[in-house]
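Asks: Would you mind keeping the following structure in view while I ask a few things?
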Amino acid sequence: MLSAVIVANDILKLAKSEKIDVSPMKLQKLIYFVYGQYYAETELPIFAESFEAWQHGPVVSSVYHEFKQYGSSPITNYAMDAKGSVWFSRVCSANTHYHYVLTKVWEKLKNISAVDLSIMTHIAGSPWANTFCNSIIDSSEIRDYFKEHPVYE
């Protein structure tokens, strides 16, 4: 199992390689879509951290706190651990499917704005819409939603 911050760094690595700006809000939504799609396909969550239903959509608080200093500006650095090391997932047989999902979701959503990604999470019947503001979104509801509404076909 990975951490949400590693998933964030993996997304930022893709963004930097293609020179696409990613704000903290866009990053949160991309993490949500990767998490949901992966969970729907594998029946396993990527990470143990929960999403919370914030005003602008699902948020993982650890990722929020890591990148909040950027506000609505593009993120320019990766998250680091206490020793100053940057962590990415390793491409290996244990997480080949994660990298497949990450790449497919990235290709589908990379050019969509943070606001439009947020709107996509607010659709009636979505896990965010079914959760009280500032409450934990039930992870099994995320899984079930993405089974019915996949990011890619």
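Here, A, B, ... name the chains of the structure tokens in the order displayed, residue numbers run from 1 inside each chain, and ligands are numbered from 1 in the same displayed order.
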Given only C-alpha atoms, how would the per-residue table for segment 66-126 of chain A near segment 1-20 of chain A read, listing every residue at most 10 Å away with its closest atom pair and distance in Å to one decimal, sorted by chain and number, as JSON lines?
Replies:
```
{"residue": "A:Glu66", "atom": "CA", "partner": "A:Val5", "partner_atom": "CA", "distance": 8.1}
{"residue": "A:Phe67", "atom": "CA", "partner": "A:Ala8", "partner_atom": "CA", "distance": 9.8}
{"residue": "A:Pro74", "atom": "CA", "partner": "A:Ile20", "partner_atom": "CA", "distance": 9.0}
{"residue": "A:Ile75", "atom": "CA", "partner": "A:Leu12", "partner_atom": "CA", "distance": 8.0}
{"residue": "A:Thr76", "atom": "CA", "partner": "A:Lys16", "partner_atom": "CA", "distance": 8.7}
{"residue": "A:Asn77", "atom": "CA", "partner": "A:Leu12", "partner_atom": "CA", "distance": 8.3}
{"residue": "A:Tyr78", "atom": "CA", "partner": "A:Asn9", "partner_atom": "CA", "distance": 5.7}
{"residue": "A:Ala79", "atom": "CA", "partner": "A:Asn9", "partner_atom": "CA", "distance": 6.5}
{"residue": "A:Met80", "atom": "CA", "partner": "A:Val5", "partner_atom": "CA", "distance": 8.9}
{"residue": "A:Asp81", "atom": "CA", "partner": "A:Val5", "partner_atom": "CA", "distance": 9.8}
{"residue": "A:Val86", "atom": "CA", "partner": "A:Asn9", "partner_atom": "CA", "distance": 8.0}
{"residue": "A:Trp87", "atom": "CA", "partner": "A:Ile6", "partner_atom": "CA", "distance": 6.0}
{"residue": "A:Phe88", "atom": "CA", "partner": "A:Ile6", "partner_atom": "CA", "distance": 5.3}
{"residue": "A:Ser89", "atom": "CA", "partner": "A:Ile6", "partner_atom": "CA", "distance": 6.4}
{"residue": "A:Arg90", "atom": "CA", "partner": "A:Asp10", "partner_atom": "CA", "distance": 9.7}
{"residue": "A:Ala94", "atom": "CA", "partner": "A:Met1", "partner_atom": "CA", "distance": 9.5}
{"residue": "A:Asn95", "atom": "CA", "partner": "A:Met1", "partner_atom": "CA", "distance": 8.9}
{"residue": "A:Tyr98", "atom": "CA", "partner": "A:Val7", "partner_atom": "CA", "distance": 9.6}
{"residue": "A:His99", "atom": "CA", "partner": "A:Asp10", "partner_atom": "CA", "distance": 9.1}
{"residue": "A:Leu102", "atom": "CA", "partner": "A:Ile11", "partner_atom": "CA", "distance": 7.6}
{"residue": "A:Thr103", "atom": "CA", "partner": "A:Leu14", "partner_atom": "CA", "distance": 8.4}
{"residue": "A:Val105", "atom": "CA", "partner": "A:Ile11", "partner_atom": "CA", "distance": 9.9}
{"residue": "A:Trp106", "atom": "CA", "partner": "A:Ile11", "partner_atom": "CA", "distance": 7.6}
{"residue": "A:Glu107", "atom": "CA", "partner": "A:Leu14", "partner_atom": "CA", "distance": 9.8}
{"residue": "A:Lys110", "atom": "CA", "partner": "A:Ile20", "partner_atom": "CA", "distance": 7.7}
{"residue": "A:Asn111", "atom": "CA", "partner": "A:Ile20", "partner_atom": "CA", "distance": 8.0}
```
Asks: Report as a ChimeraX atom specification all protein, DNA and RNA residues lying within 9 Å of Ser113 of chain A, evaluated on only C-alpha atoms, omitting residues in the same chain fewer than 5 positions from it.
Replies: /A:22,26,118
Asks: How about saving the chosen residues, all heavy atoms kept, as a CSV table (one decimal), in the first residue's frame?
Replies:
```
chain,number,residue,atom,x,y,z
A,22,VAL,N,-0.2,22.0,-12.1
A,22,VAL,CA,-1.1,21.4,-11.2
A,22,VAL,C,-1.2,22.2,-9.9
A,22,VAL,O,-0.1,22.3,-9.2
A,22,VAL,CB,-0.7,19.9,-11.0
A,22,VAL,CG1,-1.6,19.3,-9.9
A,22,VAL,CG2,-0.8,19.1,-12.2
A,26,LYS,N,-6.4,20.9,-8.0
A,26,LYS,CA,-6.3,19.9,-9.1
A,26,LYS,C,-5.7,18.6,-8.7
A,26,LYS,O,-6.1,17.6,-9.0
A,26,LYS,CB,-5.6,20.5,-10.4
A,26,LYS,CG,-5.6,19.6,-11.6
A,26,LYS,CD,-5.1,20.3,-12.8
A,26,LYS,CE,-5.1,19.3,-14.0
A,26,LYS,NZ,-4.9,20.0,-15.3
A,118,SER,N,-13.4,19.7,-10.0
A,118,SER,CA,-14.2,19.8,-8.8
A,118,SER,C,-15.7,19.6,-9.1
A,118,SER,O,-16.4,18.9,-8.4
A,118,SER,CB,-13.9,21.2,-8.1
A,118,SER,OG,-14.7,21.3,-7.0
```
Asks: Go through A:Val151, A:Leu117, A:Leu30, A:Ile142 one by one, measure the shortest atom-to-atom distance of each to Pro45 of chain A using only C-alpha atoms, and give the residue with the smallest value.
Replies: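 Between A:Val151, A:Leu117, A:Leu30, A:Ile142, the residue approaching Pro45 of chain A most closely is A:Ile142.
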Asks: Can you tell me which residues surround Gln37 of chain A at a distance of at most 10 Å, considering only C-alpha atoms, apart from same-chain residues fewer than 5 positions away, and format the answer as a ChimeraX atom specification?
Replies: /A:31-32,42-43,45-46,98,101-102,104-105,142-147,149-152
Asks: Would you output that residue set with N, CA and C atoms, as a PDB file, in the first residue's frame?
Replies:
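Result file follows (selection_16.pdb):
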```pdb
ATOM      1  N   ILE A  31      -5.914  12.856  -7.442  1.00  0.00           N
ATOM      2  CA  ILE A  31      -5.702  11.767  -6.485  1.00  0.00           C
ATOM      3  C   ILE A  31      -7.010  11.007  -6.265  1.00  0.00           C
ATOM      4  N   TYR A  32      -8.097  11.751  -6.107  1.00  0.00           N
ATOM      5  CA  TYR A  32      -9.407  11.138  -5.890  1.00  0.00           C
ATOM      6  C   TYR A  32      -9.797  10.229  -7.060  1.00  0.00           C
ATOM      7  N   THR A  42      -9.661  -3.052  -8.587  1.00  0.00           N
ATOM      8  CA  THR A  42      -8.884  -4.060  -7.852  1.00  0.00           C
ATOM      9  C   THR A  42      -9.522  -4.521  -6.551  1.00  0.00           C
ATOM     10  N   GLU A  43     -10.533  -3.778  -6.078  1.00  0.00           N
ATOM     11  CA  GLU A  43     -11.139  -4.034  -4.760  1.00  0.00           C
ATOM     12  C   GLU A  43     -10.172  -3.742  -3.619  1.00  0.00           C
ATOM     13  N   PRO A  45      -7.861  -0.497  -1.818  1.00  0.00           N
ATOM     14  CA  PRO A  45      -7.522   0.923  -1.852  1.00  0.00           C
ATOM     15  C   PRO A  45      -6.025   1.104  -2.077  1.00  0.00           C
ATOM     16  N   ILE A  46      -5.644   2.196  -2.693  1.00  0.00           N
ATOM     17  CA  ILE A  46      -4.220   2.489  -2.919  1.00  0.00           C
ATOM     18  C   ILE A  46      -3.551   2.863  -1.608  1.00  0.00           C
ATOM     19  N   TYR A  98      -1.435  -0.201 -10.565  1.00  0.00           N
ATOM     20  CA  TYR A  98      -1.516   1.182 -10.075  1.00  0.00           C
ATOM     21  C   TYR A  98      -0.947   2.136 -11.126  1.00  0.00           C
ATOM     22  N   VAL A 101      -3.371   2.507 -14.030  1.00  0.00           N
ATOM     23  CA  VAL A 101      -4.500   3.383 -13.695  1.00  0.00           C
ATOM     24  C   VAL A 101      -4.042   4.838 -13.617  1.00  0.00           C
ATOM     25  N   LEU A 102      -2.928   5.083 -12.949  1.00  0.00           N
ATOM     26  CA  LEU A 102      -2.385   6.432 -12.827  1.00  0.00           C
ATOM     27  C   LEU A 102      -2.214   7.063 -14.208  1.00  0.00           C
ATOM     28  N   LYS A 104      -3.580   6.135 -17.143  1.00  0.00           N
ATOM     29  CA  LYS A 104      -4.855   6.278 -17.865  1.00  0.00           C
ATOM     30  C   LYS A 104      -5.671   7.461 -17.339  1.00  0.00           C
ATOM     31  N   VAL A 105      -5.743   7.609 -16.022  1.00  0.00           N
ATOM     32  CA  VAL A 105      -6.480   8.734 -15.438  1.00  0.00           C
ATOM     33  C   VAL A 105      -5.790  10.043 -15.812  1.00  0.00           C
ATOM     34  N   ILE A 142     -16.964   5.237  -2.562  1.00  0.00           N
ATOM     35  CA  ILE A 142     -16.097   5.695  -3.664  1.00  0.00           C
ATOM     36  C   ILE A 142     -15.872   4.540  -4.638  1.00  0.00           C
ATOM     37  N   ARG A 143     -15.509   3.375  -4.107  1.00  0.00           N
ATOM     38  CA  ARG A 143     -15.278   2.196  -4.951  1.00  0.00           C
ATOM     39  C   ARG A 143     -16.507   1.885  -5.799  1.00  0.00           C
ATOM     40  N   ASP A 144     -17.664   1.822  -5.160  1.00  0.00           N
ATOM     41  CA  ASP A 144     -18.892   1.463  -5.866  1.00  0.00           C
ATOM     42  C   ASP A 144     -19.265   2.508  -6.913  1.00  0.00           C
ATOM     43  N   TYR A 145     -19.034   3.773  -6.602  1.00  0.00           N
ATOM     44  CA  TYR A 145     -19.341   4.841  -7.551  1.00  0.00           C
ATOM     45  C   TYR A 145     -18.488   4.701  -8.815  1.00  0.00           C
ATOM     46  N   PHE A 146     -17.193   4.433  -8.631  1.00  0.00           N
ATOM     47  CA  PHE A 146     -16.317   4.320  -9.796  1.00  0.00           C
ATOM     48  C   PHE A 146     -16.541   3.029 -10.583  1.00  0.00           C
ATOM     49  N   LYS A 147     -17.115   2.021  -9.956  1.00  0.00           N
ATOM     50  CA  LYS A 147     -17.513   0.834 -10.722  1.00  0.00           C
ATOM     51  C   LYS A 147     -18.613   1.194 -11.712  1.00  0.00           C
ATOM     52  N   HIS A 149     -19.279   4.471 -12.655  1.00  0.00           N
ATOM     53  CA  HIS A 149     -18.887   5.661 -13.405  1.00  0.00           C
ATOM     54  C   HIS A 149     -17.374   5.700 -13.582  1.00  0.00           C
ATOM     55  N   PRO A 150     -16.829   4.806 -14.403  1.00  0.00           N
ATOM     56  CA  PRO A 150     -15.371   4.774 -14.566  1.00  0.00           C
ATOM     57  C   PRO A 150     -14.829   6.052 -15.212  1.00  0.00           C
ATOM     58  N   VAL A 151     -13.609   6.383 -14.869  1.00  0.00           N
ATOM     59  CA  VAL A 151     -12.953   7.556 -15.430  1.00  0.00           C
ATOM     60  C   VAL A 151     -12.682   7.319 -16.915  1.00  0.00           C
ATOM     61  N   TYR A 152     -12.291   6.143 -17.250  1.00  0.00           N
ATOM     62  CA  TYR A 152     -12.017   5.777 -18.639  1.00  0.00           C
ATOM     63  C   TYR A 152     -12.737   4.474 -18.942  1.00  0.00           C
TER      64      TYR A 152
END
```
Asks: Given the choices A:Ala124, A:Ala40, A:Met25, A:Ile112, which gets closest to Gln55 of chain A if the distance is worked out from only C-alpha atoms?
Replies: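 Closest residue, counting only C-alpha atoms: A:Met25.
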Asks: For Ser23 of chain A, which of A:Met120, A:Ala53, A:Val63, A:Ala129 is the closest residue, counting only C-alpha atoms?
Replies: A:Val63
Asks: Which residues, written as a PyMOL selection string, have at least one atom at most 10 Å from His56 of chain A, with only C-alpha atoms counted and residues fewer than 6 positions away on the same chain left out?
Replies: chain A and resi 25+28-29+114-115+117-119+121-122+128+133
Asks: Grab the residues selected above and save them as a compact mmCIF listing (two decimals), in the first residue's frame with N, CA, C and O atoms.
Replies:
```txt
# COMPACT_ATOMS: atom_id res chain seq x y z
N MET A 25 -5.66 22.17 -5.62
CA MET A 25 -7.02 21.68 -5.83
C MET A 25 -7.06 20.64 -6.95
O MET A 25 -7.70 19.59 -6.82
N GLN A 28 -5.63 17.35 -5.68
CA GLN A 28 -6.57 16.61 -4.83
C GLN A 28 -7.58 15.84 -5.67
O GLN A 28 -7.87 14.66 -5.39
N LYS A 29 -8.10 16.47 -6.70
CA LYS A 29 -9.11 15.81 -7.52
C LYS A 29 -8.49 14.66 -8.33
O LYS A 29 -9.09 13.60 -8.48
N ALA A 114 -8.85 22.63 -12.57
CA ALA A 114 -9.17 22.26 -11.19
C ALA A 114 -10.65 22.48 -10.91
O ALA A 114 -11.31 21.65 -10.28
N VAL A 115 -11.19 23.59 -11.37
CA VAL A 115 -12.60 23.90 -11.14
C VAL A 115 -13.50 22.87 -11.81
O VAL A 115 -14.47 22.38 -11.22
N LEU A 117 -12.70 19.78 -12.64
CA LEU A 117 -12.55 18.51 -11.92
C LEU A 117 -13.37 18.54 -10.64
O LEU A 117 -14.01 17.54 -10.28
N SER A 118 -13.38 19.67 -9.97
CA SER A 118 -14.19 19.81 -8.76
C SER A 118 -15.67 19.63 -9.09
O SER A 118 -16.39 18.92 -8.38
N ILE A 119 -16.11 20.25 -10.16
CA ILE A 119 -17.51 20.12 -10.58
C ILE A 119 -17.84 18.65 -10.85
O ILE A 119 -18.92 18.17 -10.50
N THR A 121 -16.70 16.11 -9.33
CA THR A 121 -16.86 15.39 -8.06
C THR A 121 -18.18 15.75 -7.37
O THR A 121 -18.59 15.06 -6.44
N HIS A 122 -18.84 16.83 -7.81
CA HIS A 122 -20.06 17.32 -7.17
C HIS A 122 -21.35 16.78 -7.81
O HIS A 122 -22.43 17.18 -7.41
N TRP A 128 -19.09 12.43 -2.78
CA TRP A 128 -18.97 13.74 -2.16
C TRP A 128 -20.36 14.32 -1.89
O TRP A 128 -20.64 14.82 -0.79
N CYS A 133 -20.78 17.90 4.74
CA CYS A 133 -19.57 18.73 4.61
C CYS A 133 -18.63 18.49 5.79
O CYS A 133 -19.06 18.40 6.94
```
Asks: Run DSSP on the backbone and give me the residues of chain A it puts in helix (DSSP H, G or I), as a PyMOL selection string.
Replies: chain A and resi 4-18+24-42+61-70+93-109+114-121+139-148
Asks: If you measure from atom CA of Glu148 of chain A to atom CA of Ser61 of chain A, what distance in Å do you get, rounded to one decimal?
Replies: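 Taking atom CA of Glu148 of chain A as the start and atom CA of Ser61 of chain A as the end point, the length is 26.2 Å.
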Asks: Quick one: pull the distance between atom CA of His97 of chain A and atom CA of Glu41 of chain A, Å, one decimal.
Replies: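 Going from atom CA of His97 of chain A over to atom CA of Glu41 of chain A, I get 9.2 Å.
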Asks: Just checking: using only C-alpha atoms, which residue out of A:Phe47, A:Gly57, A:Ser139, A:Phe33 ends up closest to Ile123 of chain A?
Replies: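 Closest to Ile123 of chain A, using only C-alpha atoms: A:Gly57.
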Asks: Can you tell me how far atom CA of Phe51 of chain A sits from atom CA of Glu141 of chain A, in Å to one decimal?
Replies: 11.3 Å
Asks: Quick check for you: according to DSSP on this backbone, which residues of segment 14-60 of chain A are classed as strand (DSSP E or B)? Reply as a ChimeraX atom specification.
Replies: /A:47,52-54,57-59
